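What follows is the content of upload_17.txt (compact mmCIF, C-alpha atoms and all ligand atoms).
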# COMPACT_ATOMS: atom_id res chain seq x y z
CA MET A 236 -1.24 -15.22 14.29
CA HIS A 237 -1.01 -11.67 15.59
CA ASP A 238 -0.09 -12.82 19.05
CA PRO A 239 1.21 -9.97 21.22
CA ALA A 240 2.05 -12.44 24.00
CA ALA A 241 4.56 -14.25 21.77
CA LEU A 242 6.15 -10.96 20.73
CA ARG A 243 6.26 -9.79 24.35
CA SER A 244 8.15 -12.86 25.51
CA MET A 245 10.51 -12.61 22.52
CA HIS A 246 11.23 -8.98 23.39
CA GLN A 247 11.62 -9.71 27.11
CA GLY A 248 13.93 -12.64 26.44
CA ARG A 249 16.23 -10.50 24.30
CA PHE A 250 16.05 -7.10 26.00
CA HIS A 251 14.95 -7.93 29.57
CA ALA A 252 12.31 -5.18 29.57
CA GLN A 253 8.51 -4.96 29.41
CA PRO A 254 7.44 -3.56 26.02
CA SER A 255 4.42 -1.68 24.77
CA ILE A 256 3.11 -3.33 21.60
CA PHE A 257 1.63 -1.75 18.46
CA VAL A 258 0.20 -3.20 15.27
CA ALA A 259 -0.12 -1.76 11.75
CA PRO A 260 -1.72 -3.63 8.83
CA GLY A 261 -0.75 -4.08 5.20
CA ARG A 262 -3.31 -3.15 2.58
CA VAL A 263 -4.93 -4.18 -0.63
CA ASN A 264 -6.01 -1.51 -3.09
CA LEU A 265 -9.41 -2.20 -4.63
CA ILE A 266 -9.03 0.51 -7.27
CA GLY A 267 -7.08 3.74 -7.94
CA GLU A 268 -3.54 2.91 -9.01
CA HIS A 269 -0.77 5.52 -9.47
CA THR A 270 -3.26 8.25 -8.70
CA ASP A 271 -2.12 9.09 -5.17
CA TYR A 272 0.99 11.08 -6.08
CA ALA A 273 -1.11 12.91 -8.70
CA GLU A 274 -3.31 14.11 -5.80
CA GLY A 275 -6.14 11.87 -7.02
CA PHE A 276 -8.35 9.16 -5.52
CA VAL A 277 -7.61 5.67 -4.20
CA MET A 278 -9.84 3.05 -2.56
CA PRO A 279 -7.81 0.59 -0.48
CA ALA A 280 -8.70 -1.57 2.52
CA ALA A 281 -6.42 -2.60 5.39
CA ILE A 282 -5.97 -6.40 5.54
CA ASN A 283 -5.43 -9.02 8.21
CA PHE A 284 -1.70 -9.23 7.57
CA ALA A 285 0.30 -6.86 9.73
CA THR A 286 3.51 -5.82 11.46
CA LEU A 287 3.77 -5.82 15.25
CA ALA A 288 6.29 -3.56 16.99
CA ALA A 289 7.31 -4.02 20.65
CA ILE A 290 9.20 -1.12 22.23
CA SER A 291 10.86 -0.40 25.58
CA PRO A 292 13.17 2.42 26.68
CA ARG A 293 16.93 1.94 27.19
CA ALA A 294 19.24 3.80 29.54
CA ASP A 295 22.40 3.55 27.40
CA GLY A 296 21.30 5.96 24.63
CA LYS A 297 21.31 3.24 22.00
CA ILE A 298 18.62 2.30 19.50
CA VAL A 299 18.63 -1.47 19.11
CA ILE A 300 16.24 -2.96 16.58
CA PHE A 301 15.63 -6.66 16.17
CA SER A 302 13.72 -8.06 13.22
CA GLU A 303 12.28 -11.44 14.01
CA ASN A 304 11.67 -12.01 10.27
CA TYR A 305 15.29 -11.41 9.31
CA GLY A 306 16.67 -12.87 12.57
CA GLU A 307 18.94 -9.86 12.73
CA GLU A 308 19.74 -7.07 15.19
CA LYS A 309 20.98 -3.59 14.29
CA THR A 310 22.30 -0.92 16.69
CA TYR A 311 22.35 2.88 16.28
CA ASP A 312 23.25 5.76 18.55
CA ALA A 313 20.21 7.87 19.51
CA THR A 314 22.39 10.98 19.76
CA ALA A 315 24.05 10.50 16.34
CA LEU A 316 21.29 9.40 13.98
CA PRO A 317 22.31 8.25 10.50
CA ALA A 318 21.84 10.92 7.83
CA ARG A 319 21.42 8.38 5.05
CA PRO A 320 19.75 5.03 4.50
CA SER A 321 21.87 1.90 4.35
CA SER A 322 19.70 -0.22 2.01
CA HIS A 323 18.78 -2.35 4.99
CA TRP A 324 15.42 -3.28 6.51
CA SER A 325 16.23 -1.02 9.48
CA ASP A 326 15.96 2.03 7.15
CA TYR A 327 12.18 1.91 7.66
CA PRO A 328 12.13 2.33 11.44
CA MET A 329 15.17 4.63 11.31
CA GLY A 330 13.42 6.79 8.69
CA VAL A 331 10.60 7.24 11.19
CA VAL A 332 13.08 8.17 13.96
CA SER A 333 14.80 10.63 11.65
CA ILE A 334 11.53 12.36 10.65
CA LEU A 335 10.38 12.61 14.28
CA ALA A 336 13.74 14.03 15.33
CA GLY A 337 13.45 16.56 12.49
CA GLU A 338 10.03 17.53 13.85
CA GLY A 339 11.69 18.40 17.16
CA HIS A 340 10.81 15.26 19.14
CA LYS A 341 13.38 14.06 21.64
CA VAL A 342 13.75 10.39 20.77
CA PRO A 343 15.47 8.53 23.63
CA GLY A 344 17.31 5.24 23.26
CA PHE A 345 15.05 2.21 22.87
CA SER A 346 14.83 -1.48 22.07
CA LEU A 347 12.42 -2.42 19.30
CA THR A 348 11.36 -5.89 18.21
CA ILE A 349 9.56 -6.12 14.88
CA TRP A 350 7.63 -9.09 13.60
CA GLY A 351 5.33 -9.20 10.58
CA ASP A 352 3.43 -11.47 8.23
CA VAL A 353 2.69 -9.08 5.36
CA PRO A 354 4.21 -10.87 2.35
CA LEU A 355 7.32 -8.91 1.29
CA ALA A 356 7.69 -7.30 -2.15
CA SER A 357 4.16 -8.40 -3.06
CA GLY A 358 2.41 -5.05 -3.47
CA LEU A 359 0.68 -5.38 -0.07
CA SER A 360 2.59 -2.56 1.65
CA SER A 361 4.82 -4.45 4.01
CA SER A 362 6.97 -1.31 4.19
CA ALA A 363 4.09 0.93 5.24
CA ALA A 364 3.17 -1.61 7.95
CA ILE A 365 6.72 -1.45 9.33
CA GLY A 366 6.81 2.34 9.11
CA VAL A 367 3.42 2.95 10.73
CA SER A 368 3.91 0.39 13.54
CA SER A 369 7.36 1.85 14.28
CA MET A 370 5.90 5.37 14.22
CA LEU A 371 3.25 4.51 16.85
CA ALA A 372 5.87 2.78 18.96
CA VAL A 373 8.44 5.57 18.86
CA LEU A 374 5.79 8.27 19.37
CA SER A 375 4.57 6.52 22.52
CA LEU A 376 8.11 6.52 23.87
CA ALA A 377 8.53 10.21 23.03
CA GLY A 378 5.26 10.87 24.88
CA ALA A 379 3.57 12.28 21.77
CA SER A 380 0.60 11.40 19.58
CA TYR A 381 -0.90 12.59 16.30
CA PRO A 382 -4.18 12.02 14.47
CA GLY A 383 -4.12 9.17 11.91
CA PRO A 384 -3.83 11.37 8.81
CA VAL A 385 -0.79 13.18 10.28
CA ILE A 386 0.82 9.82 11.16
CA ALA A 387 0.32 8.79 7.53
CA ARG A 388 1.95 11.97 6.22
CA LEU A 389 4.94 11.60 8.57
CA CYS A 390 5.40 7.95 7.54
CA GLN A 391 5.21 8.88 3.86
CA ARG A 392 7.88 11.51 4.48
CA ALA A 393 10.07 8.87 6.17
CA GLU A 394 9.90 6.77 2.99
CA ASN A 395 10.31 9.73 0.60
CA GLU A 396 12.99 11.66 2.48
CA PHE A 397 14.97 8.93 4.27
CA VAL A 398 14.42 5.55 2.61
CA GLY A 399 14.37 7.08 -0.87
CA ALA A 400 11.10 5.51 -2.10
CA ASN A 401 9.16 8.06 -4.13
CA CYS A 402 5.77 6.72 -3.06
CA GLY A 403 2.46 8.52 -2.59
CA ILE A 404 0.42 8.46 0.62
CA MET A 405 -2.06 5.65 0.00
CA ASP A 406 -0.28 2.84 1.83
CA GLN A 407 0.61 4.74 4.98
CA PHE A 408 -2.84 6.33 5.07
CA ILE A 409 -4.82 3.10 4.98
CA SER A 410 -2.44 1.37 7.38
CA ALA A 411 -2.97 4.18 9.89
CA ASN A 412 -6.68 4.83 9.27
CA GLY A 413 -8.32 1.63 7.97
CA GLU A 414 -11.62 0.39 9.42
CA GLU A 415 -12.70 -3.19 9.90
CA ASP A 416 -15.00 -4.44 7.10
CA HIS A 417 -14.65 -1.19 5.14
CA ALA A 418 -12.89 0.11 2.07
CA LEU A 419 -11.76 3.73 2.28
CA LEU A 420 -12.05 6.24 -0.57
CA LEU A 421 -9.24 8.74 -0.01
CA ASP A 422 -8.88 12.10 -1.67
CA CYS A 423 -5.09 12.34 -1.74
CA ARG A 424 -5.28 16.13 -2.16
CA ASP A 425 -6.78 17.07 1.19
CA LEU A 426 -6.79 13.62 2.87
CA SER A 427 -10.56 13.68 3.32
CA PHE A 428 -12.08 10.21 3.06
CA ARG A 429 -15.29 8.19 2.88
CA LEU A 430 -15.72 4.73 4.33
CA ALA A 431 -17.64 2.20 2.26
CA PRO A 432 -18.77 -1.02 3.97
CA ILE A 433 -17.74 -4.25 2.26
CA PRO A 434 -20.76 -6.58 2.52
CA ASP A 435 -20.36 -9.69 4.71
CA HIS A 436 -20.90 -12.00 1.78
CA VAL A 437 -17.88 -10.61 -0.11
CA ALA A 438 -14.33 -11.89 0.44
CA LEU A 439 -11.06 -10.26 -0.60
CA VAL A 440 -9.08 -12.99 -2.30
CA ILE A 441 -5.48 -11.93 -2.78
CA ALA A 442 -3.51 -13.95 -5.32
CA ASN A 443 0.27 -13.55 -5.33
CA THR A 444 1.89 -14.00 -8.75
CA MET A 445 5.18 -14.59 -6.87
CA VAL A 446 6.78 -12.03 -9.20
CA LYS A 447 8.58 -9.57 -6.91
CA HIS A 448 7.42 -5.95 -6.81
CA SER A 449 9.39 -2.91 -5.58
CA VAL A 450 8.57 0.82 -5.28
CA VAL A 451 12.21 1.80 -4.85
CA GLY A 452 13.14 0.33 -8.23
CA GLY A 453 12.92 1.45 -11.85
CA GLY A 454 9.42 0.82 -13.22
CA TYR A 455 7.55 2.80 -10.57
CA LYS A 456 9.83 5.84 -10.94
CA VAL A 457 9.73 5.78 -14.74
CA ARG A 458 5.93 5.59 -14.88
CA ARG A 459 5.62 8.39 -12.37
CA ALA A 460 7.99 10.58 -14.40
CA GLU A 461 6.15 9.77 -17.65
CA SER A 462 2.77 10.71 -16.24
CA GLU A 463 4.16 13.88 -14.65
CA ALA A 464 5.68 14.89 -18.00
CA ALA A 465 2.20 14.69 -19.53
CA CYS A 466 0.89 16.91 -16.76
CA ALA A 467 3.61 19.49 -17.47
CA VAL A 468 2.45 19.73 -21.10
CA ILE A 469 -1.14 20.35 -20.02
CA ALA A 470 0.02 22.87 -17.39
CA SER A 471 1.92 24.81 -20.06
CA HIS A 472 -1.49 25.56 -21.60
CA ARG A 473 -3.63 25.48 -18.51
CA PRO A 474 -1.64 26.59 -15.46
CA GLY A 475 -4.47 25.46 -13.19
CA VAL A 476 -3.32 21.85 -13.64
CA PRO A 477 -0.47 21.26 -11.21
CA PHE A 478 -1.36 17.56 -10.96
CA LEU A 479 -3.12 15.08 -13.24
CA ARG A 480 -5.94 15.12 -10.68
CA ASP A 481 -6.92 18.45 -12.25
CA ALA A 482 -6.67 17.28 -15.87
CA THR A 483 -9.45 15.95 -18.10
CA LEU A 484 -9.61 13.54 -21.03
CA GLU A 485 -10.43 16.60 -23.18
CA ASP A 486 -7.05 18.09 -22.23
CA LEU A 487 -5.43 14.99 -23.70
CA GLU A 488 -7.41 15.37 -26.91
CA LYS A 489 -6.26 18.98 -27.21
CA TRP A 490 -2.59 18.66 -26.26
CA GLY A 491 -1.80 14.95 -26.37
CA SER A 492 0.05 15.40 -29.68
CA GLU A 493 2.65 17.49 -27.83
CA MET A 494 3.39 14.63 -25.44
CA ALA A 495 5.69 11.68 -25.85
CA PRO A 496 3.36 8.81 -26.90
CA LYS A 497 4.05 6.84 -23.70
CA SER A 498 3.33 9.89 -21.53
CA LEU A 499 -0.01 10.34 -23.22
CA LEU A 500 -0.95 6.74 -22.42
CA ARG A 501 0.19 7.03 -18.79
CA ALA A 502 -1.87 10.20 -18.36
CA ARG A 503 -4.92 8.56 -19.93
CA HIS A 504 -4.67 5.83 -17.33
CA VAL A 505 -4.34 8.24 -14.39
CA ILE A 506 -7.15 10.57 -15.50
CA SER A 507 -9.59 7.75 -16.28
CA GLU A 508 -8.59 5.87 -13.10
CA ASN A 509 -9.60 8.83 -10.94
CA LEU A 510 -13.06 8.80 -12.52
CA ARG A 511 -13.36 5.02 -12.07
CA THR A 512 -12.26 5.15 -8.44
CA VAL A 513 -14.90 7.66 -7.38
CA ALA A 514 -17.51 5.73 -9.38
CA ALA A 515 -16.39 2.47 -7.73
CA CYS A 516 -16.94 3.91 -4.26
CA ASP A 517 -20.42 5.08 -5.27
CA ALA A 518 -21.16 1.60 -6.63
CA LEU A 519 -19.97 -0.07 -3.43
CA LEU A 520 -22.01 2.33 -1.28
CA ARG A 521 -25.20 1.57 -3.19
CA GLY A 522 -24.47 -2.16 -3.24
CA ASP A 523 -24.01 -2.36 -7.01
CA LEU A 524 -21.34 -5.06 -7.04
CA ARG A 525 -21.79 -5.76 -10.72
CA GLU A 526 -20.78 -2.17 -11.55
CA LEU A 527 -17.90 -2.34 -9.08
CA GLY A 528 -16.62 -5.48 -10.79
CA ARG A 529 -16.96 -3.89 -14.21
CA LEU A 530 -14.93 -0.86 -13.06
CA MET A 531 -12.24 -3.14 -11.62
CA ALA A 532 -12.00 -4.99 -14.93
CA GLU A 533 -11.71 -1.71 -16.83
CA ALA A 534 -9.10 -0.49 -14.34
CA HIS A 535 -6.99 -3.59 -14.91
CA ILE A 536 -7.04 -3.14 -18.68
CA SER A 537 -6.07 0.52 -18.31
CA TYR A 538 -3.27 -0.37 -15.84
CA SER A 539 -1.98 -3.10 -18.11
CA GLN A 540 -2.36 -1.51 -21.54
CA ASP A 541 -2.11 2.28 -21.06
CA PHE A 542 0.08 2.38 -17.96
CA GLU A 543 2.00 -0.81 -18.86
CA GLY A 544 2.29 -1.46 -15.13
CA SER A 545 1.32 -5.14 -15.21
CA CYS A 546 3.25 -8.24 -16.26
CA VAL A 547 2.41 -11.47 -18.07
CA GLU A 548 1.79 -13.34 -14.83
CA ALA A 549 -0.56 -10.72 -13.34
CA ASP A 550 -2.52 -10.42 -16.59
CA ALA A 551 -2.88 -14.20 -16.58
CA MET A 552 -3.96 -14.27 -12.92
CA VAL A 553 -6.76 -11.83 -13.77
CA GLU A 554 -7.74 -13.69 -16.94
CA LEU A 555 -7.73 -17.12 -15.26
CA ALA A 556 -10.19 -15.82 -12.62
CA GLN A 557 -12.77 -14.55 -15.08
CA ASP A 558 -15.06 -17.57 -15.41
CA LEU A 559 -14.66 -18.92 -11.87
CA PRO A 560 -17.90 -19.06 -9.85
CA GLY A 561 -18.37 -16.19 -7.40
CA LEU A 562 -16.04 -13.63 -9.02
CA ILE A 563 -17.24 -10.03 -8.73
CA GLY A 564 -14.11 -8.25 -9.97
CA ALA A 565 -10.36 -8.83 -10.37
CA ARG A 566 -7.36 -6.63 -11.03
CA LEU A 567 -3.67 -6.19 -10.30
CA THR A 568 -3.26 -4.29 -7.01
CA GLY A 569 -0.46 -2.01 -5.79
CA GLY A 570 2.57 -0.45 -7.44
CA GLY A 571 2.73 -2.94 -10.31
CA PHE A 572 5.24 -5.00 -12.29
CA GLY A 573 4.39 -8.08 -10.23
CA GLY A 574 2.88 -8.64 -6.82
CA CYS A 575 -0.74 -9.60 -6.23
CA THR A 576 -4.15 -9.44 -7.82
CA VAL A 577 -7.18 -8.54 -5.74
CA ASN A 578 -10.34 -10.53 -6.39
CA LEU A 579 -13.69 -9.64 -4.91
CA VAL A 580 -15.42 -12.99 -4.55
CA GLU A 581 -18.67 -14.22 -3.03
CA GLN A 582 -17.62 -15.51 0.40
CA LYS A 583 -19.33 -18.88 -0.06
CA ASP A 584 -17.37 -19.49 -3.27
CA ALA A 585 -14.04 -18.13 -2.01
CA PRO A 586 -12.34 -21.42 -0.94
CA ALA A 587 -13.16 -23.15 -4.25
CA PHE A 588 -12.22 -20.01 -6.17
CA ALA A 589 -8.83 -19.85 -4.46
CA ALA A 590 -8.13 -23.54 -5.06
CA GLN A 591 -9.10 -23.45 -8.72
CA LEU A 592 -7.24 -20.24 -9.44
CA GLY A 593 -4.16 -21.72 -7.80
CA ARG A 594 -4.38 -24.87 -9.92
CA ARG A 595 -4.84 -22.94 -13.13
CA TYR A 596 -1.92 -20.61 -12.42
CA THR A 597 0.38 -23.47 -11.44
CA LYS A 598 -0.51 -25.28 -14.66
CA ARG A 599 0.22 -22.17 -16.73
CA PHE A 600 3.50 -21.08 -15.10
CA GLY A 601 4.82 -24.15 -13.29
CA MET A 602 4.88 -22.27 -9.97
CA ALA A 603 2.30 -22.27 -7.21
CA PRO A 604 0.86 -18.87 -6.24
CA GLU A 605 0.09 -18.00 -2.62
CA ILE A 606 -3.62 -17.23 -2.37
CA HIS A 607 -5.13 -15.68 0.76
CA ILE A 608 -8.77 -15.19 1.66
CA CYS A 609 -8.69 -11.91 3.57
CA HIS A 610 -11.05 -9.44 5.14
CA ALA A 611 -10.85 -5.69 5.64
CA SER A 612 -9.26 -4.94 9.01
CA SER A 613 -8.81 -1.99 11.32
CA GLY A 614 -5.92 0.45 11.08
CA ALA A 615 -2.89 0.76 13.34
CA HIS A 616 -3.35 0.83 17.12
CA GLN A 617 -1.81 -0.16 20.42
CA LEU A 618 -2.32 -3.80 21.38
CA GLU A 619 -0.84 -3.81 24.87
C1 LIG A 701 2.77 1.85 -4.21
C2 LIG A 701 3.00 3.21 -3.58
C3 LIG A 701 1.70 3.97 -3.46
C4 LIG A 701 0.96 4.04 -4.79
C5 LIG A 701 0.87 2.65 -5.43
C6 LIG A 701 0.32 2.70 -6.83
O1 LIG A 701 2.00 1.06 -3.37
O2 LIG A 701 3.57 3.07 -2.30
O3 LIG A 701 1.93 5.26 -2.95
O4 LIG A 701 1.55 4.97 -5.64
O5 LIG A 701 2.13 2.01 -5.48
O6 LIG A 701 -1.02 3.01 -6.80
What do you get writing this file as structure tokens?
Amino acid sequence: MHDPAALRSMHQGRFHAQPSIFVAPGRVNLIGEHTDYAEGFVMPAAINFATLAAISPRADGKIVIFSENYGEEKTYDATALPARPSSHWSDYPMGVVSILAGEGHKVPGFSLTIWGDVPLASGLSSSAAIGVSSMLAVLSLAGASYPGPVIARLCQRAENEFVGANCGIMDQFISANGEEDHALLLDCRDLSFRLAPIPDHVALVIANTMVKHSVVGGGYKVRRAESEAACAVIASHRPGVPFLRDATLEDLEKWGSEMAPKSLLRARHVISENLRTVAACDALLRGDLRELGRLMAEAHISYSQDFEGSCVEADAMVELAQDLPGLIGARLTGGGFGGCTVNLVEQKDAPAFAAQLGRRYTKRFGMAPEIHICHASSGAHQLE
């Protein structure tokens, strides 16, 4: 599917120039939800769905971007970059251009063709895949390069400062730094990380509820604000707690009564999720899949009940998986309010698991979910 030759001929046919081609994957988060912007822990894996970006220089000072997925072309002037987003798919690559220009890079005119197969609005980070692939492409043209963690930070800034999505760094980080067959435990405070191998006999089964998810929209922002309000209460007593990463469950016992009830619940999720995420990485590293599955189940309940970040369909997708042969652990993945569940499943059982889960979900909701058997893939790199 990720065929650079097809993208090359598409780009050549449209722009009559030889491109360099880059790829950046989407991701699935195994555990650690809404902890990244609290400087906590996350454990995602890059997946074998990705965005490819083909780039070639232009002599006319224009930036021309073609999205194969949208069948649409958009033109900008490289010497008069837009100051604001336009609620258009091209905001993602243009956010990257804007951040690089702000960092002092001379970005010349270019033609960019983007193609991707990360399902959109499904909680699998299609936007990070576009941002990171565009970043590698534009950097190569500007004759510059950065280490993976710096690329991730610049791409996060493009989303925060240009696109207007108040996201953390998880998605951009794993897209830029993922490793084949590994999950990555990231400390979002200092961007240090540990790689944990996912055993060969375990498949990542991603089940799309088909309920659309968005980070730009309401629910994500509200939850973030609620959890940050809880942190402010703790910090008023204990100034050493700038982020919920630094808070404990005891802090909630002491000062929870001063918080709005919803804020208390959101903070309980974030604080307990950090503990679970580190424990989940330890479990994976020592091969204790039973414990990993238990932590994923607990994480889903916390996400659904305390954080209220799930939805009826995602709760059902998790519940309907419980007694299927081969299941190790299941939970809603990503920013919430729809999107996909991640299921760790014994590889040999994965096809039957996917088929049965699909049948059960269709029977319950009258709509067929898309279910993908994935594996952990490598992070962004140049293909040609
Ligand atoms: C989205 C955001 C991430 C993270 C998750 C929730 O994917 O882009 O930064 O906050 O939601 O864990």
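Nearest residue to Thr576 of chain A, choosing from A:Pro560, A:Gly522, A:Pro604, A:Pro317 and counting all atoms listed in the file: A:Pro604.
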Inset, instruction - Using all atoms listed in the file, determine which residues lie at most 7 Å from segment 547-557 of chain A, disregarding the query and same-chain residues fewer than 5 positions distant; provide the list as a PyMOL selection string. - result: chain A and resi 444+562+565-567+573+576+592+595-596
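The spacing separating atom CA of Arg319 of chain A from atom CA of Phe397 of chain A amounts to 6.5 Å.
Of the listed residues A:Ala442, A:Met405, A:Ala318, A:Ala393, the one whose atoms come nearest to Gly574 of chain A is A:Ala442, with distances taken using all atoms listed in the file.
For the atom pair formed by atom CA of Ile334 of chain A and atom CA of Val373 of chain A, the distance is 11.1 Å, given to one decimal.
The environment of Thr270 of chain A within 7 Å, counting all atoms listed in the file and disregarding residues fewer than 4 places along the same chain, consists of A:Glu274, A:Gly275, A:Phe276, A:Val277, A:Val505, A:Asn509.
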At a cut-off of 8 Å, can you tabulate as CSV every residue of chain A near ligand LIG 701 (chain A) together with its closest atom pair and the distance in Å to one decimal, using only C-alpha atoms and all ligand atoms and ordering rows by chain then number?
residue,atom,partner,partner_atom,distance
A:Asn264,CA,A:LIG701,O6,7.7
A:Gly267,CA,A:LIG701,O6,6.2
A:Glu268,CA,A:LIG701,O6,3.4
A:His269,CA,A:LIG701,O6,3.7
A:Thr270,CA,A:LIG701,O6,6.0
A:Asp271,CA,A:LIG701,O4,5.5
A:Tyr272,CA,A:LIG701,O4,6.2
A:Val277,CA,A:LIG701,O6,7.6
A:Gly358,CA,A:LIG701,O1,6.1
A:Leu359,CA,A:LIG701,O1,7.4
A:Ser360,CA,A:LIG701,O1,6.2
A:Ala363,CA,A:LIG701,O2,7.9
A:Ala400,CA,A:LIG701,O2,7.9
A:Asn401,CA,A:LIG701,O2,7.7
A:Cys402,CA,A:LIG701,O3,4.1
A:Gly403,CA,A:LIG701,O3,3.3
A:Ile404,CA,A:LIG701,O3,5.0
A:Met405,CA,A:LIG701,O3,5.0
A:Asp406,CA,A:LIG701,O2,5.7
A:Val450,CA,A:LIG701,C1,6.0
A:Tyr455,CA,A:LIG701,O5,7.5
A:Thr568,CA,A:LIG701,O6,7.6
A:Gly569,CA,A:LIG701,O1,4.6
A:Gly570,CA,A:LIG701,O5,3.2
A:Gly571,CA,A:LIG701,O5,6.9
Inset, instruction - Kindly indicate which residue among A:Ala364, A:Ala418, A:Cys575, A:Cys390 lies nearest to Asp352 of chain A, using all atoms listed in the file for the distances. - result: A:Ala364
Inset, instruction - Within 12 Å of (-7.7, -5.4, 4.0) (coordinates as in the file), grab all the protein and nucleic acid residues, counting all atoms listed in the file, and write them out as a ChimeraX atom specification. - result: /A:259-265,278-285,353,359-360,406,409-410,412-419,432-433,438-441,568,577-579,607-614
Legend entry - Coordinates-based distance that separates atom CA of Ser361 of chain A from atom CA of Gln540 of chain A (Å, one decimal): 26.7 Å
Legend entry - Given all atoms listed in the file as the counted atoms, nearest of A:Gly248, A:Leu524, A:Leu559, A:Ala288 to Glu619 of chain A: A:Ala288
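With all atoms listed in the file as the atoms that count, the minimum distance from Val385 of chain A to the choices A:Phe572, A:Phe301, A:Phe428, A:Phe408 is reached by A:Phe408.
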Legend entry - Given only C-alpha atoms as the counted atoms, nearest of A:Ala240, A:Leu499, A:Ala273, A:Met329 to Leu479 of chain A: A:Ala273
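Every protein, DNA or RNA residue with an atom at most 12 Å from Ser492 of chain A, where all atoms listed in the file count and chain neighbours fewer than 5 positions away do not, is listed here: Ala465, Val468, Ile469, Asp486, Leu487, Lys497, Ser498, Leu499 and Leu500 of chain A.
Summary of the local environment: counting all atoms listed in the file, residues at most 10 Å from Gly378 of chain A, other than itself and those fewer than 5 positions away along its chain, are His340, Lys341, Val342 and Val373 of chain A.
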Selected residues, C-alpha atoms, written as a PDB file, keeping the file's coordinate frame, please.
ATOM      1  CA  HIS A 340      10.810  15.260  19.140  1.00  0.00           C
ATOM      2  CA  LYS A 341      13.380  14.060  21.640  1.00  0.00           C
ATOM      3  CA  VAL A 342      13.750  10.390  20.770  1.00  0.00           C
ATOM      4  CA  VAL A 373       8.440   5.570  18.860  1.00  0.00           C
TER       5      VAL A 373
END
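If you count only C-alpha atoms and draw a sphere of 9 Å around (16.7, 5.0, 23.1), the protein and nucleic acid residues inside it come out as Ser291, Pro292, Arg293, Ala294, Asp295, Gly296, Lys297, Ile298, Val299, Asp312, Ala313, Thr314, Val342, Pro343, Gly344, Phe345, Ser346 and Leu376 of chain A.
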Legend entry - Contacts of Glu533 of chain A within 12 Å, only C-alpha atoms, excl. fewer than 4 positions in-chain, as a PyMOL selection string: chain A and resi 266-267+504+507-508+510-512+515+526-529+537-541+553+564-567
